[in-house]
>>> print(open('input_16.pdb').read())   # PDB, C-alpha atoms
ATOM      1  CA  MET I   1     100.085 -28.798  80.225
ATOM      2  CA  ASN I   2      99.692 -31.882  78.068
ATOM      3  CA  VAL I   3     100.174 -35.078  80.029
ATOM      4  CA  PRO I   4     101.187 -38.061  77.873
ATOM      5  CA  LYS I   5      98.583 -40.793  77.905
ATOM      6  CA  LYS I   6      99.739 -43.748  79.970
ATOM      7  CA  ARG I   7     100.107 -46.885  77.886
ATOM      8  CA  ASN I   8      98.529 -50.053  79.214
ATOM      9  CA  PRO I   9     101.554 -52.349  79.758
ATOM     10  CA  ARG I  10      99.707 -55.471  78.665
ATOM     11  CA  LEU I  11      99.075 -53.941  75.260
ATOM     12  CA  ALA I  12     102.553 -52.548  74.686
ATOM     13  CA  ALA I  13     103.577 -53.450  71.168
ATOM     14  CA  GLY I  14     106.725 -55.358  70.462
ATOM     15  CA  ARG I  15     109.084 -54.183  73.213
ATOM     16  CA  ALA I  16     108.063 -56.521  76.034
ATOM     17  CA  ARG I  17     110.440 -59.366  76.803
ATOM     18  CA  ALA I  18     109.119 -62.590  75.336
ATOM     19  CA  MET I  19     108.033 -64.725  78.274
ATOM     20  CA  GLY I  20     108.556 -68.488  78.171
ATOM     21  CA  VAL I  21     110.955 -70.896  76.485
ATOM     22  CA  PRO I  22     110.794 -72.426  73.006
ATOM     23  CA  THR I  23     108.918 -75.699  72.667
ATOM     24  CA  ARG I  24     110.529 -78.763  71.122
ATOM     25  CA  GLY I  25     108.873 -77.626  67.915
ATOM     26  CA  THR I  26     107.225 -80.870  66.761
ATOM     27  CA  THR I  27     104.650 -79.928  64.147
ATOM     28  CA  ASN I  28     102.727 -82.213  61.812
ATOM     29  CA  PRO I  29      99.974 -81.351  59.322
ATOM     30  CA  ASN I  30      96.512 -81.969  60.795
ATOM     31  CA  ARG I  31      97.939 -82.585  64.250
ATOM     32  CA  LEU I  32      95.498 -80.112  65.800
ATOM     33  CA  ARG I  33      92.470 -80.919  63.637
ATOM     34  CA  ARG I  34      90.400 -82.225  66.565
ATOM     35  CA  ILE I  35      90.956 -79.064  68.603
ATOM     36  CA  ASP I  36      90.202 -76.804  65.628
ATOM     37  CA  ARG I  37      87.057 -78.771  64.772
ATOM     38  CA  TRP I  38      85.896 -78.493  68.373
ATOM     39  CA  ILE I  39      86.524 -74.735  68.481
ATOM     40  CA  ALA I  40      84.607 -74.124  65.246
ATOM     41  CA  GLY I  41      81.786 -76.555  66.070
ATOM     42  CA  THR I  42      81.122 -75.790  69.746
ATOM     43  CA  PRO I  43      78.635 -72.879  69.854
ATOM     44  CA  TRP I  44      79.742 -71.209  73.110
ATOM     45  CA  VAL I  45      83.395 -71.358  72.010
ATOM     46  CA  ALA I  46      82.827 -70.185  68.445
ATOM     47  CA  ARG I  47      80.685 -67.349  69.831
ATOM     48  CA  ALA I  48      83.757 -65.835  71.488
ATOM     49  CA  VAL I  49      85.119 -65.169  67.994
ATOM     50  CA  ARG I  50      81.823 -64.398  66.230
ATOM     51  CA  LYS I  51      80.801 -61.744  68.760
ATOM     52  CA  ALA I  52      84.253 -60.226  69.272
ATOM     53  CA  VAL I  53      84.762 -56.498  68.754
ATOM     54  CA  GLU I  54      88.192 -57.360  67.380
ATOM     55  CA  PRO I  55      88.201 -61.004  66.145
ATOM     56  CA  VAL I  56      91.853 -61.759  66.868
ATOM     57  CA  VAL I  57      92.840 -65.404  67.370
ATOM     58  CA  ILE I  58      96.312 -66.303  68.655
ATOM     59  CA  ASP I  59      98.200 -69.517  67.992
ATOM     60  CA  LEU I  60     100.689 -69.458  70.858
ATOM     61  CA  GLY I  61     103.860 -71.517  70.419
ATOM     62  CA  TYR I  62     103.077 -73.010  67.007
ATOM     63  CA  GLY I  63     106.396 -74.850  66.707
ATOM     64  CA  ALA I  64     109.097 -75.390  64.123
ATOM     65  CA  THR I  65     106.837 -74.784  61.134
ATOM     66  CA  PRO I  66     103.729 -72.594  60.731
ATOM     67  CA  THR I  67     101.592 -75.445  59.362
ATOM     68  CA  THR I  68      99.090 -75.680  62.195
ATOM     69  CA  THR I  69      98.645 -71.892  62.328
ATOM     70  CA  VAL I  70      97.823 -71.816  58.621
ATOM     71  CA  GLU I  71      95.322 -74.626  59.193
ATOM     72  CA  LEU I  72      93.774 -72.763  62.131
ATOM     73  CA  ALA I  73      93.183 -69.694  59.952
ATOM     74  CA  GLN I  74      91.534 -71.853  57.292
ATOM     75  CA  ARG I  75      89.310 -73.774  59.717
ATOM     76  CA  LEU I  76      88.068 -70.708  61.590
ATOM     77  CA  SER I  77      87.679 -68.474  58.537
ATOM     78  CA  GLY I  78      83.893 -68.824  58.535
ATOM     79  CA  LEU I  79      83.480 -67.513  62.071
ATOM     80  CA  HIS I  80      84.038 -63.839  61.261
ATOM     81  CA  PRO I  81      84.642 -61.876  58.026
ATOM     82  CA  ARG I  82      87.412 -59.859  59.708
ATOM     83  CA  LEU I  83      89.104 -62.797  61.412
ATOM     84  CA  ARG I  84      92.778 -62.175  62.106
ATOM     85  CA  VAL I  85      95.009 -65.085  63.131
ATOM     86  CA  VAL I  86      98.412 -64.324  64.642
ATOM     87  CA  GLY I  87     101.045 -66.992  65.261
ATOM     88  CA  LEU I  88     103.395 -66.218  68.160
ATOM     89  CA  GLU I  89     106.757 -67.870  68.728
ATOM     90  CA  ILE I  90     109.813 -67.038  70.827
ATOM     91  CA  ASP I  91     112.355 -68.444  68.357
ATOM     92  CA  PRO I  92     113.150 -65.798  65.671
ATOM     93  CA  ASP I  93     113.838 -68.491  63.055
ATOM     94  CA  ARG I  94     110.351 -69.916  63.553
ATOM     95  CA  VAL I  95     108.853 -66.448  63.203
ATOM     96  CA  ALA I  96     110.792 -65.972  59.957
ATOM     97  CA  ALA I  97     109.414 -69.278  58.627
ATOM     98  CA  GLY I  98     105.927 -68.076  59.459
ATOM     99  CA  LYS I  99     106.351 -64.716  57.772
ATOM    100  CA  ALA I 100     107.256 -66.536  54.568
ATOM    101  CA  VAL I 101     103.658 -67.816  54.338
ATOM    102  CA  ALA I 102     101.890 -64.886  56.017
ATOM    103  CA  ASP I 103      98.866 -63.255  54.417
ATOM    104  CA  PRO I 104      98.316 -60.046  56.410
ATOM    105  CA  PRO I 105      96.064 -58.985  57.973
ATOM    106  CA  ARG I 106      94.278 -62.349  57.806
ATOM    107  CA  LEU I 107      97.339 -64.352  58.851
ATOM    108  CA  GLU I 108     100.413 -62.902  60.573
ATOM    109  CA  PHE I 109     103.409 -64.130  62.552
ATOM    110  CA  ARG I 110     105.203 -62.301  65.327
ATOM    111  CA  ARG I 111     107.733 -62.886  68.064
ATOM    112  CA  GLY I 112     106.196 -63.264  71.486
ATOM    113  CA  GLY I 113     105.357 -65.549  74.381
ATOM    114  CA  PHE I 114     102.961 -65.533  77.317
ATOM    115  CA  GLU I 115     102.988 -61.725  77.381
ATOM    116  CA  LEU I 116     101.470 -61.685  73.839
ATOM    117  CA  ALA I 117     103.795 -58.868  72.777
ATOM    118  CA  GLY I 118     102.938 -56.762  69.772
ATOM    119  CA  LEU I 119      99.295 -57.708  69.262
ATOM    120  CA  ALA I 120      97.943 -54.187  69.652
ATOM    121  CA  ALA I 121      99.797 -52.978  66.571
ATOM    122  CA  GLY I 122      97.341 -51.533  64.087
ATOM    123  CA  ILE I 123      94.305 -51.842  66.391
ATOM    124  CA  ARG I 124      93.174 -48.853  68.404
ATOM    125  CA  ASP I 125      92.067 -49.620  71.980
ATOM    126  CA  PHE I 126      92.734 -53.317  71.449
ATOM    127  CA  PRO I 127      90.697 -55.237  74.096
ATOM    128  CA  GLY I 128      92.747 -58.430  73.879
ATOM    129  CA  PRO I 129      92.415 -61.588  71.767
ATOM    130  CA  ALA I 130      89.059 -63.305  71.416
ATOM    131  CA  LEU I 131      90.691 -66.726  71.468
ATOM    132  CA  ILE I 132      94.122 -68.158  72.223
ATOM    133  CA  ARG I 133      95.063 -71.693  71.244
ATOM    134  CA  ALA I 134      98.131 -73.017  73.096
ATOM    135  CA  LEU I 135      98.699 -76.698  72.373
ATOM    136  CA  ASN I 136     101.767 -78.682  73.441
ATOM    137  CA  VAL I 137     103.321 -75.562  74.968
ATOM    138  CA  LEU I 138     103.331 -76.256  78.712
ATOM    139  CA  ARG I 139     104.474 -79.903  78.686
ATOM    140  CA  GLN I 140     108.027 -78.933  79.623
ATOM    141  CA  TYR I 141     106.972 -76.715  82.525
ATOM    142  CA  THR I 142     106.365 -77.693  86.139
ATOM    143  CA  GLU I 143     102.807 -77.738  87.468
ATOM    144  CA  PRO I 144     103.247 -74.455  89.416
ATOM    145  CA  GLU I 145     104.735 -72.828  86.307
ATOM    146  CA  ALA I 146     101.787 -74.034  84.237
ATOM    147  CA  TRP I 147      99.287 -72.487  86.663
ATOM    148  CA  LYS I 148     101.255 -69.231  86.528
ATOM    149  CA  ALA I 149     101.257 -69.310  82.717
ATOM    150  CA  TRP I 150      97.476 -69.767  82.732
ATOM    151  CA  ASP I 151      97.092 -66.671  84.901
ATOM    152  CA  GLU I 152      99.477 -64.665  82.737
ATOM    153  CA  VAL I 153      97.816 -65.511  79.431
ATOM    154  CA  CYS I 154      94.219 -65.283  80.686
ATOM    155  CA  SER I 155      94.867 -61.791  82.074
ATOM    156  CA  ARG I 156      95.439 -60.647  78.486
ATOM    157  CA  LEU I 157      92.235 -62.052  77.001
ATOM    158  CA  ALA I 158      89.392 -59.854  75.790
ATOM    159  CA  PRO I 159      86.600 -59.602  78.400
ATOM    160  CA  ASP I 160      84.731 -62.530  76.791
ATOM    161  CA  GLY I 161      87.840 -64.223  75.406
ATOM    162  CA  LEU I 162      88.889 -67.848  75.806
ATOM    163  CA  LEU I 163      92.139 -69.748  76.178
ATOM    164  CA  VAL I 164      92.245 -73.341  74.882
ATOM    165  CA  GLU I 165      95.308 -75.055  76.375
ATOM    166  CA  GLY I 166      96.290 -78.708  76.279
ATOM    167  CA  THR I 167      98.328 -81.442  74.664
ATOM    168  CA  CYS I 168      98.008 -84.089  71.975
ATOM    169  CA  ASP I 169     100.087 -86.874  70.507
ATOM    170  CA  GLU I 170     102.270 -86.355  67.444
ATOM    171  CA  ILE I 171      99.513 -87.192  64.942
ATOM    172  CA  GLY I 172      96.573 -85.752  66.852
ATOM    173  CA  ARG I 173      94.729 -88.974  67.697
ATOM    174  CA  ARG I 174      94.784 -88.473  71.472
ATOM    175  CA  CYS I 175      94.100 -85.013  72.888
ATOM    176  CA  CYS I 176      93.103 -83.296  76.127
ATOM    177  CA  TRP I 177      92.541 -79.594  76.624
ATOM    178  CA  VAL I 178      91.172 -77.097  79.132
ATOM    179  CA  THR I 179      89.147 -74.029  78.155
ATOM    180  CA  LEU I 180      89.639 -70.958  80.333
ATOM    181  CA  THR I 181      88.269 -67.427  80.680
ATOM    182  CA  ARG I 182      89.760 -64.464  82.500
ATOM    183  CA  GLU I 183      88.317 -65.970  85.674
ATOM    184  CA  GLY I 184      90.087 -69.297  85.230
ATOM    185  CA  PRO I 185      89.432 -72.834  83.921
ATOM    186  CA  ARG I 186      85.897 -73.751  82.862
ATOM    187  CA  THR I 187      85.957 -77.124  81.077
ATOM    188  CA  LEU I 188      88.091 -80.178  80.314
ATOM    189  CA  THR I 189      87.724 -81.954  76.973
ATOM    190  CA  LEU I 190      88.945 -85.448  76.148
ATOM    191  CA  ALA I 191      89.178 -86.274  72.442
ATOM    192  CA  CYS I 192      90.486 -89.257  70.535
ATOM    193  CA  LEU I 193      90.183 -91.528  67.563
ATOM    194  CA  PRO I 194      88.269 -94.275  69.393
ATOM    195  CA  SER I 195      89.909 -97.028  67.361
ATOM    196  CA  ASP I 196      93.306 -95.824  68.635
ATOM    197  CA  ILE I 197      92.688 -96.550  72.319
ATOM    198  CA  ASP I 198      92.355 -99.705  74.393
ATOM    199  CA  LYS I 199      90.459 -97.788  77.075
ATOM    200  CA  PRO I 200      89.660 -94.098  77.768
ATOM    201  CA  SER I 201      92.274 -93.791  80.516
ATOM    202  CA  ASP I 202      94.903 -94.143  77.767
ATOM    203  CA  LEU I 203      94.300 -90.399  77.377
ATOM    204  CA  ALA I 204      95.838 -89.772  80.808
ATOM    205  CA  GLU I 205      99.266 -89.320  79.207
ATOM    206  CA  ARG I 206      97.878 -86.293  77.349
ATOM    207  CA  LEU I 207      96.296 -84.506  80.295
ATOM    208  CA  PRO I 208      97.275 -80.831  80.649
ATOM    209  CA  LYS I 209     100.235 -80.142  82.915
ATOM    210  CA  THR I 210      97.973 -78.895  85.705
ATOM    211  CA  LEU I 211      96.288 -82.321  85.855
ATOM    212  CA  ILE I 212      98.729 -84.941  84.612
ATOM    213  CA  HIS I 213     100.413 -85.462  87.987
ATOM    214  CA  ARG I 214      97.017 -85.507  89.705
ATOM    215  CA  ASN I 215      95.989 -88.790  88.098
ATOM    216  CA  VAL I 216      96.347 -90.676  91.374
ATOM    217  CA  PRO I 217      93.789 -92.184  93.775
ATOM    218  CA  GLY I 218      92.001 -89.509  95.764
ATOM    219  CA  GLU I 219      92.017 -86.946  92.934
ATOM    220  CA  ARG I 220      88.911 -86.178  90.880
ATOM    221  CA  VAL I 221      90.571 -86.656  87.491
ATOM    222  CA  HIS I 222      91.657 -90.164  88.510
ATOM    223  CA  ALA I 223      88.102 -90.988  89.552
ATOM    224  CA  LEU I 224      86.776 -89.632  86.261
ATOM    225  CA  LEU I 225      89.119 -91.696  84.103
ATOM    226  CA  SER I 226      88.528 -94.815  86.192
ATOM    227  CA  ASP I 227      84.751 -94.459  85.868
ATOM    228  CA  LEU I 228      85.084 -93.784  82.154
ATOM    229  CA  ASP I 229      86.971 -97.078  81.820
ATOM    230  CA  VAL I 230      84.126 -98.859  83.612
ATOM    231  CA  CYS I 231      81.604 -97.363  81.188
ATOM    232  CA  TRP I 232      83.847 -98.344  78.246
ATOM    233  CA  ALA I 233      83.843-101.951  79.441
ATOM    234  CA  LYS I 234      80.045-101.931  79.786
ATOM    235  CA  ALA I 235      79.769-100.523  76.256
ATOM    236  CA  ALA I 236      81.794-103.393  74.776
ATOM    237  CA  PRO I 237      78.782-104.940  72.956
ATOM    238  CA  HIS I 238      78.472-101.725  70.939
ATOM    239  CA  ALA I 239      81.934-102.367  69.449
ATOM    240  CA  THR I 240      80.044-104.493  66.909
ATOM    241  CA  PHE I 241      78.942-101.200  65.357
ATOM    242  CA  GLY I 242      82.448 -99.733  65.443
ATOM    243  CA  PRO I 243      84.702 -97.872  67.910
ATOM    244  CA  ARG I 244      82.838 -94.574  67.482
ATOM    245  CA  ALA I 245      79.556 -96.203  68.463
ATOM    246  CA  ARG I 246      81.240 -97.709  71.500
ATOM    247  CA  TRP I 247      82.672 -94.323  72.543
ATOM    248  CA  ALA I 248      79.273 -92.650  72.109
ATOM    249  CA  HIS I 249      77.562 -95.277  74.256
ATOM    250  CA  THR I 250      80.357 -94.983  76.829
ATOM    251  CA  ALA I 251      79.697 -91.248  77.011
ATOM    252  CA  ARG I 252      75.962 -91.865  77.383
ATOM    253  CA  LEU I 253      76.544 -94.203  80.322
ATOM    254  CA  PHE I 254      79.083 -91.825  81.816
ATOM    255  CA  ALA I 255      76.641 -88.893  81.567
ATOM    256  CA  GLU I 256      74.251 -90.761  83.865
ATOM    257  CA  ARG I 257      76.798 -90.426  86.676
ATOM    258  CA  TRP I 258      78.893 -87.346  85.857
ATOM    259  CA  PRO I 259      78.125 -83.815  84.623
ATOM    260  CA  VAL I 260      78.721 -83.887  80.863
ATOM    261  CA  LEU I 261      78.390 -80.717  78.781
ATOM    262  CA  ASP I 262      78.138 -82.124  75.259
ATOM    263  CA  ARG I 263      75.838 -84.630  73.593
ATOM    264  CA  HIS I 264      75.735 -87.398  70.980
ATOM    265  CA  PRO I 265      76.932 -85.376  67.922
ATOM    266  CA  ARG I 266      80.193 -84.564  69.714
ATOM    267  CA  TRP I 267      80.469 -88.030  71.251
ATOM    268  CA  ARG I 268      80.341 -89.562  67.783
ATOM    269  CA  LEU I 269      83.462 -87.534  67.010
ATOM    270  CA  GLY I 270      85.308 -89.129  69.919
ATOM    271  CA  GLU I 271      84.889 -86.176  72.288
ATOM    272  CA  LEU I 272      83.692 -85.679  75.849
ATOM    273  CA  THR I 273      83.572 -82.377  77.746
ATOM    274  CA  VAL I 274      83.022 -81.950  81.484
ATOM    275  CA  PRO I 275      83.026 -78.907  83.780
ATOM    276  CA  TRP I 276      86.383 -78.087  85.324
ATOM    277  CA  THR I 277      84.823 -78.526  88.762
ATOM    278  CA  ALA I 278      84.493 -82.246  87.976
ATOM    279  CA  VAL I 279      88.286 -82.644  87.749
ATOM    280  CA  ALA I 280      89.766 -79.697  89.653
ATOM    281  CA  PRO I 281      92.733 -80.777  91.811
ATOM    282  CA  GLN I 282      92.106 -81.376  95.472
ATOM    283  CA  VAL I 283      93.645 -78.647  97.624
TER
END
>>> encode(input="input_16.pdb", output="structure tokens")
Amino acid sequence: MNVPKKRNPRLAAGRARAMGVPTRGTTNPNRLRRIDRWIAGTPWVARAVRKAVEPVVIDLGYGATPTTTVELAQRLSGLHPRLRVVGLEIDPDRVAAGKAVADPPRLEFRRGGFELAGLAAGIRDFPGPALIRALNVLRQYTEPEAWKAWDEVCSRLAPDGLLVEGTCDEIGRRCCWVTLTREGPRTLTLACLPSDIDKPSDLAERLPKTLIHRNVPGERVHALLSDLDVCWAKAAPHATFGPRARWAHTARLFAERWPVLDRHPRWRLGELTVPWTAVAPQV
């Protein structure tokens, strides 16, 4: 007797109900350039794509136009010769707009949400995406819903896959994102155009949903931003050499007191990455 092979529900193609609600849809060219640059230029992140059995990258909730998904495919194209970027949206009209500029299999657009419906199509024994970028998707959710969405999406990653989730302003000058594995959050990155801020804590308004309401005394993320402001003030003399030099010196001072995972080349770009344990919410 032939027993039909049971299909793994997380890989079911196309028929799963799209989980989530449409974002507001704000999309501007180059809005996500800092995130894309960090993904491509951070060795342990880029490695998730370079070493993937199936180098599938997902742009989850790309918005009203497919611009940032097209840019993602261009910016990560050097990571793997078989790179496949898939934009996922819940709104059928947004998917249709994406398909108008698709270039399969390199760049595709499909309807889906947190369940990542339809990604296994055309790939036998698909292990899950190597990387998922979800920017400005969870802002409209509650904190408990955001934690649940993290669990849902991370459960669908490839074994060594990564989720990059966060928010940025409308023109991409102020950004914060968390990088997660199947096991949960690993790092928090703050990124900005240093000339666009008065002090580092200005980035608090762009913290991911799981942290934004934790920016209060007694929470680690509040302590981190407060200490970063102190270091920024001490670095004021370096403003003579420009805002980037001041940010880099701020990061150097900050790294004397906090665990910092990156170094001067990233600091000069207006970035700073710390372990998630440095900012994890108090129970």
>>> closest_residue(input="input_16.pdb", among="I:Ser77, I:Thr69, I:Thr240, I:Thr187", to="I:Trp276", atoms="all atoms listed in the file")
I:Thr187
>>> closest_atom_pairs(input="input_16.pdb", of="stretch 86-112 of chain I", to="stretch 123-139 of chain I", cutoff="12 Å", atoms="only C-alpha atoms", output="JSON lines")
{"residue": "I:Val86", "atom": "CA", "partner": "I:Ile132", "partner_atom": "CA", "distance": 9.5}
{"residue": "I:Gly87", "atom": "CA", "partner": "I:Arg133", "partner_atom": "CA", "distance": 9.7}
{"residue": "I:Leu88", "atom": "CA", "partner": "I:Ala134", "partner_atom": "CA", "distance": 9.9}
{"residue": "I:Glu89", "atom": "CA", "partner": "I:Val137", "partner_atom": "CA", "distance": 10.5}
{"residue": "I:Ile90", "atom": "CA", "partner": "I:Val137", "partner_atom": "CA", "distance": 11.5}
{"residue": "I:Pro105", "atom": "CA", "partner": "I:Ile123", "partner_atom": "CA", "distance": 11.2}
>>> atom_distance(input="input_16.pdb", atom1="atom CA of I:Arg31", atom2="atom CA of I:Ala233")
28.4 Å
>>> resolve_selection(input="input_16.pdb", expression="the PyMOL selection byres ((chain I and resi 152-164) around 9)", output="PyMOL selection string")
chain I and resi 10-11+35+39+45+48-49+51-52+54+114-116+126-135+147-151+165-166+177-185
>>> closest_residue(input="input_16.pdb", among="I:Leu32, I:Val221, I:Leu190, I:Leu253", to="I:Lys234", atoms="only C-alpha atoms")
I:Leu253
>>> closest_residue(input="input_16.pdb", among="I:Arg246, I:His213, I:Arg174, I:Arg111", to="I:Pro144", atoms="all atoms listed in the file")
I:His213
>>> residues_around(input="input_16.pdb", residues="I:Arg94", least_positions_apart="6", cutoff="8 Å", atoms="only C-alpha atoms", output="compact mmCIF listing (two decimals) with C-alpha atoms, keeping the file's coordinate frame")
# COMPACT_ATOMS: atom_id res chain seq x y z
CA GLY I 63 106.40 -74.85 66.71
CA ALA I 64 109.10 -75.39 64.12
CA THR I 65 106.84 -74.78 61.13
CA PRO I 66 103.73 -72.59 60.73
>>> residues_around(input="input_16.pdb", residues="I:Asp103", least_positions_apart="5", cutoff="10 Å", atoms="all atoms listed in the file", output="VMD selection string")
chain I and resid 70 84 to 85 98 108 to 109
>>> closest_residue(input="input_16.pdb", among="I:Ala102, I:Leu188, I:Ala97, I:Leu193", to="I:Val274", atoms="only C-alpha atoms")
I:Leu188
>>> atom_distance(input="input_16.pdb", atom1="atom CA of I:Arg214", atom2="atom CA of I:Glu143")
9.9 Å
>>> resolve_selection(input="input_16.pdb", expression="the PyMOL selection byres ((chain I and resi 29) around 7)", output="list of chain:residue names")
I:Thr27, I:Asn28, I:Asn30, I:Arg31, I:Thr67, I:Thr68
>>> closest_residue(input="input_16.pdb", among="I:Glu71, I:Asp93, I:Glu219, I:Asp198", to="I:Ala236", atoms="all atoms listed in the file")
I:Asp198
>>> resolve_selection(input="input_16.pdb", expression="the PyMOL selection byres ((chain I and resi 38) around 12)", output="ChimeraX atom specification")
/I:32-37,39-46,72,75-76,133,164,175-177,179,189-192,262,265-267,269-273
>>> closest_residue(input="input_16.pdb", among="I:Leu79, I:Val216, I:Ile197, I:Ile171", to="I:Asp229", atoms="all atoms listed in the file")
I:Ile197
>>> residues_around(input="input_16.pdb", residues="I:Asp196", least_positions_apart="6", cutoff="10 Å", atoms="all atoms listed in the file", output="list in words")
Arg173, Arg174, Asp202 and Pro243 of chain I
>>> decode(input="input_16.pdb", residues="stretch 123-136 of chain I", atoms="N, CA, C and O atoms", output="PDB file, in the first residue's frame")
ATOM      1  N   ILE I 123      11.476  24.346  -5.484  1.00  0.00           N
ATOM      2  CA  ILE I 123      12.675  23.926  -4.765  1.00  0.00           C
ATOM      3  C   ILE I 123      12.362  22.659  -3.983  1.00  0.00           C
ATOM      4  O   ILE I 123      11.518  22.656  -3.096  1.00  0.00           O
ATOM      5  N   ARG I 124      13.027  21.589  -4.326  1.00  0.00           N
ATOM      6  CA  ARG I 124      12.788  20.319  -3.652  1.00  0.00           C
ATOM      7  C   ARG I 124      13.434  20.329  -2.270  1.00  0.00           C
ATOM      8  O   ARG I 124      14.573  20.783  -2.109  1.00  0.00           O
ATOM      9  N   ASP I 125      12.703  19.844  -1.267  1.00  0.00           N
ATOM     10  CA  ASP I 125      13.205  19.785   0.109  1.00  0.00           C
ATOM     11  C   ASP I 125      13.713  21.135   0.575  1.00  0.00           C
ATOM     12  O   ASP I 125      14.796  21.263   1.156  1.00  0.00           O
ATOM     13  N   PHE I 126      12.944  22.171   0.324  1.00  0.00           N
ATOM     14  CA  PHE I 126      13.340  23.533   0.679  1.00  0.00           C
ATOM     15  C   PHE I 126      13.558  23.653   2.191  1.00  0.00           C
ATOM     16  O   PHE I 126      12.658  23.363   2.979  1.00  0.00           O
ATOM     17  N   PRO I 127      14.766  24.071   2.643  1.00  0.00           N
ATOM     18  CA  PRO I 127      15.059  24.111   4.078  1.00  0.00           C
ATOM     19  C   PRO I 127      14.566  25.369   4.777  1.00  0.00           C
ATOM     20  O   PRO I 127      14.620  25.465   5.994  1.00  0.00           O
ATOM     21  N   GLY I 128      14.095  26.343   4.009  1.00  0.00           N
ATOM     22  CA  GLY I 128      13.709  27.629   4.570  1.00  0.00           C
ATOM     23  C   GLY I 128      14.642  28.719   4.066  1.00  0.00           C
ATOM     24  O   GLY I 128      15.742  28.444   3.575  1.00  0.00           O
ATOM     25  N   PRO I 129      14.228  29.985   4.161  1.00  0.00           N
ATOM     26  CA  PRO I 129      15.051  31.077   3.643  1.00  0.00           C
ATOM     27  C   PRO I 129      16.332  31.272   4.436  1.00  0.00           C
ATOM     28  O   PRO I 129      16.378  31.063   5.650  1.00  0.00           O
ATOM     29  N   ALA I 130      17.374  31.694   3.731  1.00  0.00           N
ATOM     30  CA  ALA I 130      18.654  31.981   4.376  1.00  0.00           C
ATOM     31  C   ALA I 130      18.598  33.293   5.132  1.00  0.00           C
ATOM     32  O   ALA I 130      19.286  33.469   6.146  1.00  0.00           O
ATOM     33  N   LEU I 131      17.770  34.218   4.632  1.00  0.00           N
ATOM     34  CA  LEU I 131      17.686  35.540   5.255  1.00  0.00           C
ATOM     35  C   LEU I 131      16.302  36.121   5.002  1.00  0.00           C
ATOM     36  O   LEU I 131      15.766  35.984   3.903  1.00  0.00           O
ATOM     37  N   ILE I 132      15.748  36.747   6.022  1.00  0.00           N
ATOM     38  CA  ILE I 132      14.486  37.475   5.885  1.00  0.00           C
ATOM     39  C   ILE I 132      14.719  38.901   6.361  1.00  0.00           C
ATOM     40  O   ILE I 132      15.224  39.112   7.468  1.00  0.00           O
ATOM     41  N   ARG I 133      14.385  39.863   5.530  1.00  0.00           N
ATOM     42  CA  ARG I 133      14.426  41.260   5.943  1.00  0.00           C
ATOM     43  C   ARG I 133      12.992  41.733   6.124  1.00  0.00           C
ATOM     44  O   ARG I 133      12.185  41.648   5.202  1.00  0.00           O
ATOM     45  N   ALA I 134      12.669  42.222   7.333  1.00  0.00           N
ATOM     46  CA  ALA I 134      11.315  42.706   7.621  1.00  0.00           C
ATOM     47  C   ALA I 134      11.448  44.072   8.291  1.00  0.00           C
ATOM     48  O   ALA I 134      11.610  44.165   9.511  1.00  0.00           O
ATOM     49  N   LEU I 135      11.404  45.117   7.508  1.00  0.00           N
ATOM     50  CA  LEU I 135      11.584  46.470   8.022  1.00  0.00           C
ATOM     51  C   LEU I 135      10.266  47.236   7.979  1.00  0.00           C
ATOM     52  O   LEU I 135       9.550  47.180   6.965  1.00  0.00           O
ATOM     53  N   ASN I 136       9.968  47.916   9.074  1.00  0.00           N
ATOM     54  CA  ASN I 136       8.760  48.748   9.176  1.00  0.00           C
ATOM     55  C   ASN I 136       7.481  47.931   9.025  1.00  0.00           C
ATOM     56  O   ASN I 136       6.480  48.425   8.506  1.00  0.00           O
TER      57      ASN I 136
END
